[in-house]
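Q: I'd like to ask some things about the structure below.
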Amino acid sequence: MSAATIRHKFKKLKQKYVLLRTVEFVFLSAGVWILTFTCGSWLFPTQKMVISFLLALMAFGYLLVRTGLHRLNSLLLAYFLNRTYPQLKDSADLLLAENELTRLQQLQLEKVSEQFSLLYPSVKLPHHIFRSFGLFVFCLLVYFISSTFTYEIHKKDSTANQKTVRTLDHTDSVFVKSISVQITPPAYTGLKSFVSKTFDLVVPEGSIVKWFIEFSGGVSGAKIFFSDKDSIPLQGQTTQKNIFQSGFYELRWRDKNKIHRSEYFKIEVIKDHPPQISIVNENQFVRKIEYKEMSSIPLSATLTDDYGLANTTIVATVSKGSGEGVKFRDEKLLFSSPNKIEGKQIKATRLLDLKKMGLDPGDELYFYVEAYDNKKPIANRSRTETIFIAVKDTATEIISFDSGLGVDLMPEYFRSQRQIIIDTEKLIRDKKKISKQEFNSTSNQLGYDQKVLRVRYGEFLGMEDEAGIGESAEQHDENENAIEKYSHQHDTKNEANLVPAQKAPQDEKEHNHGDNKDPLKAFTHEHGDAEEATFFQQSIKAKLKAAVGIMWDAELYLRIYQPEKSLPYQYRALRLLKEISNDSRVYVHRMGFEVPPIKEDKRLSGDLSEIRNATNKSKNLAENNFSAVRAALPIIDRLLQKQLITLSLSEQTILHRAGDELAVVAINNPVAFLKALSGLKSVTEQTLDADALSKTLELIRKAFWKVLPPDFPSPSQKESARHPLEQNFLQLLKND
Amino acid sequence: MISRFLFNPILQYPAIGFVLLLFLWFAYLEIKRKQKYLTLRIVVLAFAMISVLGILLRPSHKSVKNISEIILLTRGYDSKKVDSLLSRHPQLQVLRTTSAADFQKSELLKNWNDLIDKNISFVVGEGIPPFVLDLLPGNHFAFIPCTAPVGITELVISKEVIVHRKSSIRGAFNSSAATVLKLIGPGGVEDSVRLKNGHHEFNFSLNPKTEGQFVYSIVAQSQNDTIVEKLPVDILPERKLRVLFLFNSPTAEIRFLKNYLSAKNHSVAVRFQTSKNNFTYEFANLIPAEIRNLSSTLLNTFDLVVTDEKTFSSFNSAEQSILKNAVRDGLGILLAASDFNQPAVKRFFFTDPIHLKTDTVHLELGKKKYVFNVGFSSMADRPNLESIIRIKNRIVSGYVFSGSGKIGFQQLRESYRMLLEDNEEGYGLAWTDLIERTARKKTVPFKIEIKAQFPFYEDEPLTVDIISSGLQPALMVDSYTVPLTEHVWVDDFYSGKIWNGKTGWHKLKLTTDSLQKNYFVFKESEWHALRVSRQIIENQRMQKTEDTYTSLLESSWRPIPQIIFYIVFLLAFGCLWLLSKING
């Protein structure tokens, strides 16, 4: 074997050794890399890749230096061969000798060469590839096993503190480190300020809410946005606002990457309710008491308020007199007990002395209790129902119980012709049911009524009050005034001036008007002439005369107990009286409305040339029917079916608009819709966790559906495709 | 012998004559050689010619095969029944589907197509799917179904579900325990019903608030189990109408009807006559147009004309004729509160006399009861009459067909008081159906119908029919084109078959029109009970009538392999060459 060959073989051996060892170091370094990466997932997750790579490099370098691989040369290899293979008789270095050899060395060289050529194919170089490979596989196993635990831990982190502001995936984004909310209720409520444990706030109306927010880095434009479109910027780390309305809010801030938004948090305002008053011993609103029993009435009221009462009064009104002369007097009274109105619940009492208040028989007292609470700046007021106390009038009773006169001076009612007719017809119907005596008596009574009516109308004609058949025992003179006072008389004294007054009745003797030929006769009223003694015109007079005459006949038959024969006369009399009342009507000009003058030249001409066709146009301006919500619903349903959030740009826009529409409704009802709003935000920003996806989408879908108003069906046009056969058939029918 | 062979010649039969001549010529040459083994040589030559004939004529021979009877086991089969069958018919070969439980000595059927040439005598279990039965048209078998599955076994959904309209979902449920069935929609529980154990019918109603594709759920909760099935619903929007009111004078009834329709965004035009030549026009949701004079062009732009007898009688004969022709062409006309007294109306609409009656009717509309005076009540004996509100034999509202159009009538008077009482639902019930069915239908160029029954499963075929009004349709499903074939005998009637892709909503769309139809594809495991119950019914239709089961002989023509003839040809001529060499 030549020297060149030997050297070549040595070189090959060296290369093989370097390769083996390098591969071994690579496996070991890779193992180090994997192990470090695994540990880094817990300890330093963000830098794990860099650190593990560096460590692996360092390990590789260390192994390289330690084994001296970089210093490996053929001589060292020869030494290795000498140690490992005794056949070479420690003379392997001779194979590499370049200087001239001695004879003995040359002999040895020949032997060694021969041995070397035999040994060469089976030379085993030292390495631990398999061991290092095994270590590498072991490290891989460790990584795979630990990776599942790593994922679990991440999941737990994400579910904890759901109500906190989310941290971002970007390692350099600014997030909210801490946030606390201090609530200071209004001073009048007496409540202490407190720190809310959650970001959903339940605060008394008018409270000052102060937020303390700490960010992980520098931010700009940090603001809190409220549902009523208001926003407040953060001054440093704090901001505050007076809260009067329920709603919701979110926090927004900007860092160098983008604008961040928190979840929606609700604000529920506890309203300050007006005081509640209940009157204890007054269980009916209207009470009538006797004058004898009139004394003090105890009044007891229970007043409660959520934060405290400030004042309460009894507002009393006394009414005296009746009719047009009634007078009212208002008084404000205080409760006698307690002395001072304060506290959340009090029981107030007072005695209402009616005599002291000046009530007399026939007077009334109205009162109610009103109360004010301690709300600032404007107190809440409430009042009870009005209670009426009426003192019964003694005057009417005295009259009714007076037994001085032998007769009942209660006046007769003045009965009209129609009433007499009704009674007559009733009498005729009841003829068989009642006794003859009763029948006759009633008929006679009706006759008397007819007479009274006849006399009354006769007065208008100037007739004297004549005694008719079956005269009643009543004393008419005395009753006359009573009749005037109590009967329903129609135009007896021309109160309404319906008829121009021409003549005065005969019994008014104080007027003296003189001669008939007086030119003023038409404008004066005559008293002397019986024929002229009427208020009516001549045609009316004749009718009235006729009516009176007919009434005589009607009265006659009633007096002789033949009411059925009397009825036709009564009808005739009624008809005449109606005609008289119509004739005596005077039509006057209507006040307050100027009718446009009628164009007499065009009136009734039938000329329609100036009449134009009228055209009205209208468009149904439908109320906001949540168009974006309707468009968003199928999108949400699709995401729910796919269990995946993939949104195009247009779909994102629709969801944003639907969120705006939902937010408007959520202002009035944050409890029902706030979660859905938060969920929708997560969907549009695609920050929703996989396990919460289904529930969140269902919540959003339900909220959208709830928001839509129901409607009733309206007709819808049907569609149909007309096959040519059908068209031919219809054409044949048409031709027929 | 010839009947046992079938030829498929390359060349026509006169080639036989040519080959025969060739044989005679070669035989003559062989004889002329005067060599030994002449007989042998002639025989070999004959074989060679026969092989040539075989190559030219390509014969096939009839083979008769004895096909053994098959018992096919499908999912849910009763093994005891199978054992009993096998004991009676031991010759049966047992095949089972992949979803069926294992059975001893049974072969697995990997593909439904393998059933095509099988002699199926019995099918046990859930049965063969309908789309596979289509592959076995002449095959009848005895079917032994499994026990009825627990779940929804029947389901009928309204053909069209329109927004704001009550639609019904009817079905039947089979259960071994008392069950609560709920229909859950986007807004929560829409409807529910309690059912006892056994097989019971149920009826749900839903009133959707908006249009779109939604997936409802039917949940069946019992002591033992909870079954949830998805119910896809394609909610269609309301299509607005164009309505023309023609009246001599306005009435409260018409005013309220006009306002009701315009508030629902329908396009409404009104013409009231104030004097002989003067009119008052009103247009709601419509661009004002000239509607003074009736013309066919004008009437073609409207879907419904509402008028009354007096107004109609005041039209001149030309206008009446235009109206009549328009109705024949598809326009709807609605006579409000008509007694049909006017001769013109009778002449125009009806050819035979009408019996008139006046009466009152008691109706419950929108959960309130009303008593209406009905002026006209008896048209029950007309064959072309469709009633909408009917009480026994008294028809309160309805329509008759007239050519392509319809003539409707409404006998309710003062129905507007329902609106005054804030009973919009009742008012809608009184008028909506009548107007909708009387109005002109929108003519669309195509109509798509899916032949298969709900539900549709993935990897199963779906046949789609398209009725065309004369145009050539081009159908796409999602983004794929579907080839269509026209019916052999009926023009403009097309069919296509599609294979359902992945689960979820899919869209059938006609590219030549904006028409589309949505359908939902389910996983195989969904709607199991419904699928099985329908499958059982389909399999029962394939029942054999006779009781005897005999094995079938299958005969088929098998071509004789051409290689044989080529080998014989080579051997024969090789033999001839050898013989010539032997002989020197």
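Lettering and numbering for the structure tokens are positional, with chains as A, B, ... in the shown order, residues counted from 1 in each chain, and ligands counted from 1 in the shown order.
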What residues in region 146-379 of chain B get the DSSP label strand (DSSP E)? Please answer as a compact mmCIF listing (two decimals) with N, CA and C atoms, in the first residue's frame.
A:
```txt
# COMPACT_ATOMS: atom_id res chain seq x y z
N GLY B 151 -88.54 8.95 18.04
CA GLY B 151 -88.24 10.28 17.50
C GLY B 151 -89.36 10.73 16.58
N ILE B 152 -89.03 11.71 15.79
CA ILE B 152 -90.03 12.26 14.86
C ILE B 152 -90.10 11.35 13.65
N THR B 153 -91.27 10.78 13.43
CA THR B 153 -91.41 9.83 12.33
C THR B 153 -92.10 10.44 11.12
N GLU B 154 -92.75 11.56 11.30
CA GLU B 154 -93.36 12.25 10.15
C GLU B 154 -93.16 13.73 10.35
N LEU B 155 -93.02 14.43 9.24
CA LEU B 155 -92.86 15.88 9.35
C LEU B 155 -93.36 16.53 8.08
N VAL B 156 -94.22 17.50 8.24
CA VAL B 156 -94.71 18.28 7.09
C VAL B 156 -94.56 19.75 7.44
N ILE B 157 -93.83 20.44 6.61
CA ILE B 157 -93.60 21.88 6.85
C ILE B 157 -94.36 22.64 5.78
N VAL B 161 -92.68 29.63 3.89
CA VAL B 161 -92.75 30.30 5.19
C VAL B 161 -92.46 31.77 4.92
N ILE B 162 -93.47 32.59 5.17
CA ILE B 162 -93.34 34.01 4.84
C ILE B 162 -93.28 34.80 6.14
N SER B 167 -96.97 30.03 10.22
CA SER B 167 -96.79 28.80 9.44
C SER B 167 -96.86 27.62 10.39
N SER B 168 -97.20 26.49 9.82
CA SER B 168 -97.38 25.34 10.70
C SER B 168 -96.37 24.26 10.38
N ILE B 169 -96.01 23.53 11.41
CA ILE B 169 -95.14 22.36 11.25
C ILE B 169 -95.88 21.21 11.91
N ARG B 170 -96.29 20.29 11.06
CA ARG B 170 -97.04 19.13 11.58
C ARG B 170 -96.18 17.89 11.50
N GLY B 171 -96.45 16.99 12.39
CA GLY B 171 -95.67 15.76 12.34
C GLY B 171 -96.21 14.74 13.30
N ALA B 172 -95.45 13.68 13.44
CA ALA B 172 -95.80 12.62 14.39
C ALA B 172 -94.55 12.24 15.14
N PHE B 173 -94.75 11.89 16.39
CA PHE B 173 -93.62 11.56 17.25
C PHE B 173 -93.88 10.21 17.90
N ASN B 174 -92.86 9.38 17.91
CA ASN B 174 -92.98 8.07 18.54
C ASN B 174 -92.04 8.02 19.73
N SER B 175 -92.60 7.65 20.88
CA SER B 175 -91.75 7.63 22.06
C SER B 175 -92.22 6.55 23.01
N THR B 179 -93.23 12.76 26.65
CA THR B 179 -92.20 13.63 26.07
C THR B 179 -92.74 15.04 25.96
N VAL B 180 -91.84 15.99 26.15
CA VAL B 180 -92.18 17.39 25.88
C VAL B 180 -91.44 17.77 24.61
N LEU B 181 -92.21 18.20 23.63
CA LEU B 181 -91.61 18.64 22.35
C LEU B 181 -91.59 20.15 22.32
N LYS B 182 -90.45 20.69 21.96
CA LYS B 182 -90.37 22.16 21.88
C LYS B 182 -89.81 22.55 20.53
N LEU B 183 -90.34 23.62 20.00
CA LEU B 183 -89.78 24.22 18.79
C LEU B 183 -89.02 25.46 19.24
N ILE B 184 -87.71 25.44 19.04
CA ILE B 184 -86.87 26.54 19.53
C ILE B 184 -86.36 27.31 18.33
N GLY B 185 -86.63 28.59 18.33
CA GLY B 185 -86.21 29.44 17.23
C GLY B 185 -85.14 30.42 17.67
N GLY B 188 -85.87 31.96 21.07
CA GLY B 188 -86.19 31.09 22.19
C GLY B 188 -87.28 30.10 21.80
N VAL B 189 -88.02 29.65 22.79
CA VAL B 189 -89.05 28.63 22.52
C VAL B 189 -90.22 29.28 21.80
N GLU B 190 -90.53 28.77 20.62
CA GLU B 190 -91.63 29.32 19.83
C GLU B 190 -92.94 28.62 20.18
N ASP B 191 -92.85 27.32 20.38
CA ASP B 191 -94.06 26.55 20.64
C ASP B 191 -93.66 25.27 21.35
N SER B 192 -94.59 24.65 22.04
CA SER B 192 -94.26 23.39 22.71
C SER B 192 -95.52 22.57 22.88
N VAL B 193 -95.33 21.30 23.09
CA VAL B 193 -96.48 20.40 23.27
C VAL B 193 -96.04 19.23 24.13
N ARG B 194 -96.98 18.72 24.92
CA ARG B 194 -96.69 17.54 25.75
C ARG B 194 -97.33 16.34 25.08
N LEU B 195 -96.56 15.27 24.97
CA LEU B 195 -97.08 14.06 24.34
C LEU B 195 -96.94 12.88 25.30
N GLY B 198 -96.01 6.61 23.11
CA GLY B 198 -96.68 6.04 21.95
C GLY B 198 -96.45 6.91 20.73
N HIS B 199 -97.29 6.72 19.76
CA HIS B 199 -97.17 7.44 18.50
C HIS B 199 -98.25 8.51 18.44
N HIS B 200 -97.86 9.78 18.45
CA HIS B 200 -98.82 10.87 18.50
C HIS B 200 -98.46 11.94 17.49
N GLU B 201 -99.48 12.64 17.08
CA GLU B 201 -99.25 13.75 16.16
C GLU B 201 -99.03 15.03 16.94
N PHE B 202 -98.32 15.94 16.33
CA PHE B 202 -98.11 17.24 16.95
C PHE B 202 -98.22 18.32 15.89
N ASN B 203 -98.41 19.52 16.37
CA ASN B 203 -98.57 20.65 15.46
C ASN B 203 -97.93 21.88 16.09
N PHE B 204 -96.92 22.43 15.45
CA PHE B 204 -96.28 23.65 15.92
C PHE B 204 -96.67 24.79 15.00
N SER B 205 -96.67 25.97 15.56
CA SER B 205 -96.82 27.13 14.69
C SER B 205 -95.69 28.11 14.99
N LEU B 206 -95.22 28.75 13.95
CA LEU B 206 -94.19 29.75 14.14
C LEU B 206 -94.58 31.00 13.39
N GLY B 212 -84.96 35.42 5.95
CA GLY B 212 -83.59 34.90 5.93
C GLY B 212 -83.58 33.41 6.18
N GLN B 213 -82.38 32.83 6.15
CA GLN B 213 -82.26 31.39 6.43
C GLN B 213 -81.89 31.21 7.89
N PHE B 214 -82.70 30.46 8.61
CA PHE B 214 -82.46 30.20 10.01
C PHE B 214 -82.58 28.70 10.27
N VAL B 215 -81.88 28.28 11.31
CA VAL B 215 -81.98 26.88 11.70
C VAL B 215 -82.66 26.82 13.06
N TYR B 216 -83.90 26.35 13.05
CA TYR B 216 -84.62 26.15 14.28
C TYR B 216 -84.22 24.79 14.85
N SER B 217 -84.71 24.50 16.04
CA SER B 217 -84.44 23.18 16.63
C SER B 217 -85.74 22.62 17.16
N ILE B 218 -85.90 21.31 17.01
CA ILE B 218 -87.01 20.62 17.68
C ILE B 218 -86.36 19.75 18.74
N VAL B 219 -86.71 20.04 19.99
CA VAL B 219 -86.10 19.33 21.11
C VAL B 219 -87.16 18.45 21.74
N ALA B 220 -86.84 17.18 21.90
CA ALA B 220 -87.76 16.24 22.53
C ALA B 220 -87.13 15.80 23.84
N GLN B 221 -87.78 16.17 24.94
CA GLN B 221 -87.22 15.83 26.25
C GLN B 221 -88.13 14.82 26.93
N SER B 222 -87.52 13.70 27.30
CA SER B 222 -88.28 12.72 28.07
C SER B 222 -87.41 12.30 29.23
N THR B 226 -82.91 12.95 25.54
CA THR B 226 -83.20 14.25 24.92
C THR B 226 -82.71 14.18 23.49
N ILE B 227 -83.64 14.42 22.57
CA ILE B 227 -83.29 14.39 21.14
C ILE B 227 -83.40 15.82 20.62
N VAL B 228 -82.36 16.22 19.92
CA VAL B 228 -82.37 17.57 19.33
C VAL B 228 -82.22 17.41 17.83
N GLU B 229 -83.14 17.95 17.07
CA GLU B 229 -83.06 17.90 15.62
C GLU B 229 -83.08 19.32 15.07
N LYS B 230 -82.26 19.54 14.06
CA LYS B 230 -82.22 20.87 13.45
C LYS B 230 -83.32 20.96 12.41
N LEU B 231 -83.94 22.11 12.36
CA LEU B 231 -84.98 22.34 11.36
C LEU B 231 -84.66 23.61 10.60
N PRO B 232 -84.13 23.48 9.39
CA PRO B 232 -83.81 24.69 8.64
C PRO B 232 -85.07 25.31 8.06
N VAL B 233 -85.19 26.60 8.20
CA VAL B 233 -86.37 27.31 7.69
C VAL B 233 -85.89 28.47 6.84
N ASP B 234 -86.34 28.51 5.61
CA ASP B 234 -86.01 29.62 4.72
C ASP B 234 -87.20 30.57 4.74
N ILE B 235 -87.07 31.67 5.42
CA ILE B 235 -88.19 32.59 5.60
C ILE B 235 -88.15 33.60 4.45
N LEU B 236 -89.25 33.64 3.71
CA LEU B 236 -89.30 34.49 2.53
C LEU B 236 -89.89 35.85 2.88
N ARG B 242 -99.47 45.79 -6.11
CA ARG B 242 -99.90 47.08 -6.66
C ARG B 242 -101.41 47.01 -6.81
N VAL B 243 -102.06 47.85 -6.04
CA VAL B 243 -103.53 47.75 -5.94
C VAL B 243 -104.15 49.05 -6.45
N LEU B 244 -105.20 48.90 -7.20
CA LEU B 244 -105.93 50.06 -7.75
C LEU B 244 -107.34 50.04 -7.20
N PHE B 245 -107.73 51.14 -6.56
CA PHE B 245 -109.08 51.26 -6.03
C PHE B 245 -109.87 52.16 -6.98
N LEU B 246 -111.02 51.66 -7.41
CA LEU B 246 -111.90 52.45 -8.29
C LEU B 246 -113.27 52.52 -7.64
N PHE B 247 -113.61 53.71 -7.19
CA PHE B 247 -114.90 53.87 -6.52
C PHE B 247 -115.53 55.19 -6.91
N SER B 267 -98.12 49.27 -2.92
CA SER B 267 -98.33 50.44 -3.78
C SER B 267 -99.83 50.55 -4.07
N VAL B 268 -100.39 51.65 -3.68
CA VAL B 268 -101.86 51.80 -3.77
C VAL B 268 -102.18 53.06 -4.57
N ALA B 269 -103.09 52.88 -5.51
CA ALA B 269 -103.61 54.03 -6.26
C ALA B 269 -105.13 54.04 -6.10
N VAL B 270 -105.69 55.21 -5.88
CA VAL B 270 -107.13 55.31 -5.61
C VAL B 270 -107.73 56.35 -6.55
N ARG B 271 -108.89 56.02 -7.07
CA ARG B 271 -109.63 56.99 -7.89
C ARG B 271 -111.06 57.05 -7.38
N PHE B 272 -111.43 58.21 -6.85
CA PHE B 272 -112.81 58.46 -6.45
C PHE B 272 -113.41 59.45 -7.43
N GLN B 273 -114.65 59.22 -7.77
CA GLN B 273 -115.29 60.14 -8.71
C GLN B 273 -116.08 61.18 -7.94
N PHE B 279 -112.37 63.76 -10.73
CA PHE B 279 -111.96 62.65 -9.87
C PHE B 279 -111.00 63.15 -8.80
N THR B 280 -110.91 62.39 -7.76
CA THR B 280 -109.89 62.61 -6.75
C THR B 280 -108.96 61.40 -6.78
N TYR B 281 -107.68 61.69 -6.89
CA TYR B 281 -106.70 60.60 -6.98
C TYR B 281 -105.84 60.58 -5.72
N GLU B 282 -105.49 59.41 -5.33
CA GLU B 282 -104.54 59.27 -4.22
C GLU B 282 -103.52 58.20 -4.61
N PHE B 283 -102.27 58.48 -4.31
CA PHE B 283 -101.20 57.53 -4.63
C PHE B 283 -100.36 57.33 -3.37
N ALA B 284 -100.25 56.11 -2.96
CA ALA B 284 -99.44 55.81 -1.78
C ALA B 284 -98.33 54.84 -2.19
N LEU B 304 -104.15 44.06 -8.62
CA LEU B 304 -105.50 43.87 -8.10
C LEU B 304 -106.28 45.16 -8.27
N VAL B 305 -107.51 45.03 -8.66
CA VAL B 305 -108.42 46.17 -8.74
C VAL B 305 -109.52 45.94 -7.72
N VAL B 306 -109.74 46.93 -6.86
CA VAL B 306 -110.80 46.82 -5.87
C VAL B 306 -111.90 47.80 -6.28
N THR B 307 -113.09 47.31 -6.35
CA THR B 307 -114.19 48.16 -6.74
C THR B 307 -115.48 47.61 -6.13
N GLY B 332 -106.47 40.45 -10.97
CA GLY B 332 -107.46 40.08 -9.97
C GLY B 332 -108.39 41.25 -9.74
N ILE B 333 -109.66 40.96 -9.51
CA ILE B 333 -110.61 42.02 -9.22
C ILE B 333 -111.38 41.63 -7.97
N LEU B 334 -111.53 42.57 -7.08
CA LEU B 334 -112.16 42.29 -5.79
C LEU B 334 -113.37 43.19 -5.64
N LEU B 335 -114.53 42.57 -5.47
CA LEU B 335 -115.75 43.33 -5.28
C LEU B 335 -116.00 43.42 -3.78
N ALA B 336 -116.01 44.63 -3.29
CA ALA B 336 -116.16 44.82 -1.86
C ALA B 336 -117.63 45.02 -1.53
N ASP B 359 -128.13 37.85 5.83
CA ASP B 359 -128.02 37.14 7.12
C ASP B 359 -126.92 37.77 7.94
N THR B 360 -126.80 37.31 9.16
CA THR B 360 -125.68 37.74 9.99
C THR B 360 -124.77 36.53 10.21
N VAL B 361 -123.51 36.81 10.37
CA VAL B 361 -122.55 35.73 10.65
C VAL B 361 -121.77 36.09 11.90
N HIS B 362 -121.46 35.06 12.66
CA HIS B 362 -120.66 35.23 13.86
C HIS B 362 -119.27 34.70 13.54
N LEU B 363 -118.30 35.57 13.66
CA LEU B 363 -116.94 35.18 13.33
C LEU B 363 -116.01 35.51 14.49
N GLU B 364 -115.02 34.68 14.64
CA GLU B 364 -113.97 34.99 15.61
C GLU B 364 -112.72 35.33 14.82
N LEU B 365 -112.33 36.58 14.89
CA LEU B 365 -111.16 37.04 14.14
C LEU B 365 -110.19 37.68 15.11
N LYS B 368 -111.18 37.82 18.93
CA LYS B 368 -112.38 38.56 19.33
C LYS B 368 -113.52 38.09 18.46
N LYS B 369 -114.70 38.14 19.04
CA LYS B 369 -115.87 37.66 18.28
C LYS B 369 -116.65 38.85 17.75
N TYR B 370 -117.13 38.68 16.54
CA TYR B 370 -117.88 39.76 15.90
C TYR B 370 -119.14 39.19 15.26
N VAL B 371 -120.10 40.07 15.12
CA VAL B 371 -121.31 39.71 14.36
C VAL B 371 -121.35 40.66 13.18
N PHE B 372 -121.34 40.11 12.00
CA PHE B 372 -121.35 40.94 10.80
C PHE B 372 -122.65 40.75 10.06
N ASN B 373 -123.09 41.82 9.45
CA ASN B 373 -124.21 41.69 8.52
C ASN B 373 -123.64 41.31 7.17
N VAL B 374 -124.10 40.23 6.64
CA VAL B 374 -123.60 39.75 5.36
C VAL B 374 -124.72 39.85 4.36
```
Q: Contacts from chain B to chain A, 7 Å maximum, only C-alpha atoms: show me the residue list as an MDAnalysis selection string.
A: chainID B and resid 164:165 186:188 209:210 212:214 238:241 262:265 278:285 328 403:404 425 428 432:433 435:436 441:447 467:470
Q: Could you list, as a PyMOL selection string, every residue within 10 Å of Asn668 (chain A), counting only C-alpha atoms and ignoring same-chain residues fewer than 6 positions away?
A: chain A and resi 227+245-248
Q: Keeping C-alpha atoms for every residue in the selection just given, could you write it to a file as a short mmCIF file (atom, residue, chain, number, x, y, z; two decimals), in the first residue's frame?
A:
```cif
data_model
loop_
_atom_site.label_atom_id
_atom_site.label_comp_id
_atom_site.auth_asym_id
_atom_site.auth_seq_id
_atom_site.Cartn_x
_atom_site.Cartn_y
_atom_site.Cartn_z
CA SER A 227 -74.51 54.86 26.40
CA GLN A 245 -79.47 57.72 34.35
CA SER A 246 -79.08 53.99 33.88
CA GLY A 247 -77.06 52.80 30.92
CA PHE A 248 -73.71 51.24 30.20
#
```
Q: Write out as a ChimeraX atom specification the residues lying within 10 Å of region 45-52 of chain A, counting only C-alpha atoms and excluding same-chain residues fewer than 3 positions away.
A: /A:29-30,32-42,55-58,171
Q: Which residues are close to region 311-322 of chain B, i.e. within 7 Å by only C-alpha atoms, leaving aside same-chain residues fewer than 4 positions away? Reply as a compact mmCIF listing (two decimals) with N, CA and C atoms, in the first residue's frame.
A:
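Result went into out_36.txt, see below:
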```txt
# COMPACT_ATOMS: atom_id res chain seq x y z
N PHE B 247 -113.61 53.71 -7.19
CA PHE B 247 -114.90 53.87 -6.52
C PHE B 247 -115.53 55.19 -6.91
N ASN B 248 -116.85 55.17 -6.94
CA ASN B 248 -117.56 56.41 -7.23
C ASN B 248 -117.51 57.35 -6.04
N LEU B 294 -109.43 53.94 -17.99
CA LEU B 294 -108.95 52.57 -17.90
C LEU B 294 -108.43 52.12 -19.25
N SER B 295 -107.29 51.47 -19.21
CA SER B 295 -106.76 50.89 -20.44
C SER B 295 -106.05 49.60 -20.06
N SER B 296 -105.84 48.78 -21.06
CA SER B 296 -105.20 47.49 -20.76
C SER B 296 -103.76 47.71 -20.30
N THR B 307 -113.09 47.31 -6.35
CA THR B 307 -114.19 48.16 -6.74
C THR B 307 -115.48 47.61 -6.13
N ALA B 326 -108.68 42.11 -19.04
CA ALA B 326 -107.54 42.16 -18.11
C ALA B 326 -107.64 41.04 -17.09
N GLN B 342 -126.59 44.27 -9.37
CA GLN B 342 -126.50 45.01 -10.63
C GLN B 342 -126.40 44.05 -11.81
N ALA B 344 -125.17 44.46 -14.68
CA ALA B 344 -123.86 44.51 -15.34
C ALA B 344 -122.87 43.58 -14.65
N VAL B 345 -122.96 43.58 -13.33
CA VAL B 345 -122.03 42.73 -12.57
C VAL B 345 -122.36 41.27 -12.82
```
Q: Pick from A:Val665, A:Leu251, A:Val174, A:Ile580: nearest to Trp211 (chain A), with only C-alpha atoms counted?
A: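 Once distances to Trp211 (chain A) are computed over only C-alpha atoms, the minimum belongs to A:Leu251.
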Q: May I ask which of the residues B:Arg558, B:Lys367, B:Lys34, B:Lys523 is the closest one to Leu429 (chain B), counting only C-alpha atoms?
A: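 Of all the options, B:Lys367 lies closest to Leu429 (chain B).
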Q: Can you tell me, as a list in words, what residues are no more than 8 Å from Lys502 (chain B) when counting only C-alpha atoms, ignoring any on the same chain fewer than 6 positions away?
A: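 So the residues in contact are Glu458, Asp459 and Val521 of chain B.
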Q: Kindly give the distance, in Å, that separates CA of Leu461 (chain A) and CA of Tyr587 (chain A), rounded to a single decimal.
A: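 CA of Tyr587 (chain A) lies 23.7 Å from CA of Leu461 (chain A).
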Q: Which residues are close to region 347-350 of chain A, i.e. within 7 Å by only C-alpha atoms, leaving aside same-chain residues fewer than 3 positions away? Reply as a ChimeraX atom specification.
A: /A:298-303,335-338
Q: Which residue out of A:Leu453, A:Val112, A:Ala672, A:Leu644 has the minimum interatomic distance to Leu577 (chain A) when only C-alpha atoms are used?
A: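 The answer is A:Leu453, which sits nearest to Leu577 (chain A).
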